[in-house]
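Notes follow the structure.
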Amino acid sequence: MKATRFWIEIVTLCAGVAFGLALALAIVGAAVVASGQTVESQLSATPPAARQQTYVGIVTCSRCLAKHSAKIGATAADCARVCIHGGARFTLVDGEQTYILEGDPLALKRAAGQRVRILGARKGDTITVSSVYAET
């Protein structure tokens with residue numbers, strides 16, 4: 001009787017360990033799949049280099065659209081920075097076309113009020129900026 005009980009305990013212990021390992025493996029596998037989907041969704045949100053184009057225009061704010069008031073006594077760059085600080089968005093004005101700019105705020109602040117060449121991907125009226133170069 002004692003020997004039979006011993007084997008039942010061994011089988012129960014092994015089954016419990018196997019169940020615990022299977023559960024741990026399932027949790028790790030689910031975490032890997034979930035993190036893989038997150039990376040894939042982030043990659044799909046990033047525009048591929050093949051769709052990037054060059055845009056030329058003036059970086060300004062969505063409030064003034066390159067028509068800054070001379071009454072405030074500030075340069076176009078200062079006016080754009082003040083408007084951006086007040087909640088306006090960076091905008092590229094290219095003739096009659098205007099695009100909202102998304103990207104590095106520091107690079108866009110440096111380019112405010114200047115004619116620039118922007119490399120980025122456009123979706124609708126928004127350009128996701130990869131790089132900004134001042135036109136000379």
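Starting from 1 in every chain, residues are counted up; chains themselves are A, B, ... following the order of the structure tokens, and ligands are numbered from 1 as listed.
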Using DSSP assignments from the backbone, pull out every residue in chain A that falls under helix (DSSP H, G or I) and give it to me as an MDAnalysis selection string. chainID A and resid 2:45 49:51 70:72 76:85 105:111
Can you pull out every residue within 6 Å of range 118-128 of chain A, counting only C-alpha atoms, but drop anything in the same chain fewer than 4 positions away, and send it as a PDB file with C-alpha atoms, in the first residue's frame?
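What landed in out.pdb:
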ATOM      1  CA  ARG A  51       6.746  57.209 -49.710  1.00  0.00           C
ATOM      2  CA  GLN A  52       8.777  60.144 -48.431  1.00  0.00           C
ATOM      3  CA  GLN A  53       8.935  63.233 -50.599  1.00  0.00           C
ATOM      4  CA  THR A  54      10.581  66.622 -50.497  1.00  0.00           C
ATOM      5  CA  TYR A  55       8.463  69.693 -49.813  1.00  0.00           C
ATOM      6  CA  TYR A  99       0.351  71.322 -44.556  1.00  0.00           C
ATOM      7  CA  ILE A 100       0.357  70.567 -40.829  1.00  0.00           C
ATOM      8  CA  LEU A 101       3.822  69.406 -39.724  1.00  0.00           C
ATOM      9  CA  GLU A 102       4.445  66.619 -37.246  1.00  0.00           C
ATOM     10  CA  GLY A 103       7.960  65.811 -36.125  1.00  0.00           C
ATOM     11  CA  VAL A 132      14.356  69.849 -42.193  1.00  0.00           C
TER      12      VAL A 132
END
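Distance annotation: of A:Ser131, A:Thr98, A:Thr75, A:Thr60, the residue with the minimal separation from Ala112 in chain A is A:Thr60; atom set is only C-alpha atoms.
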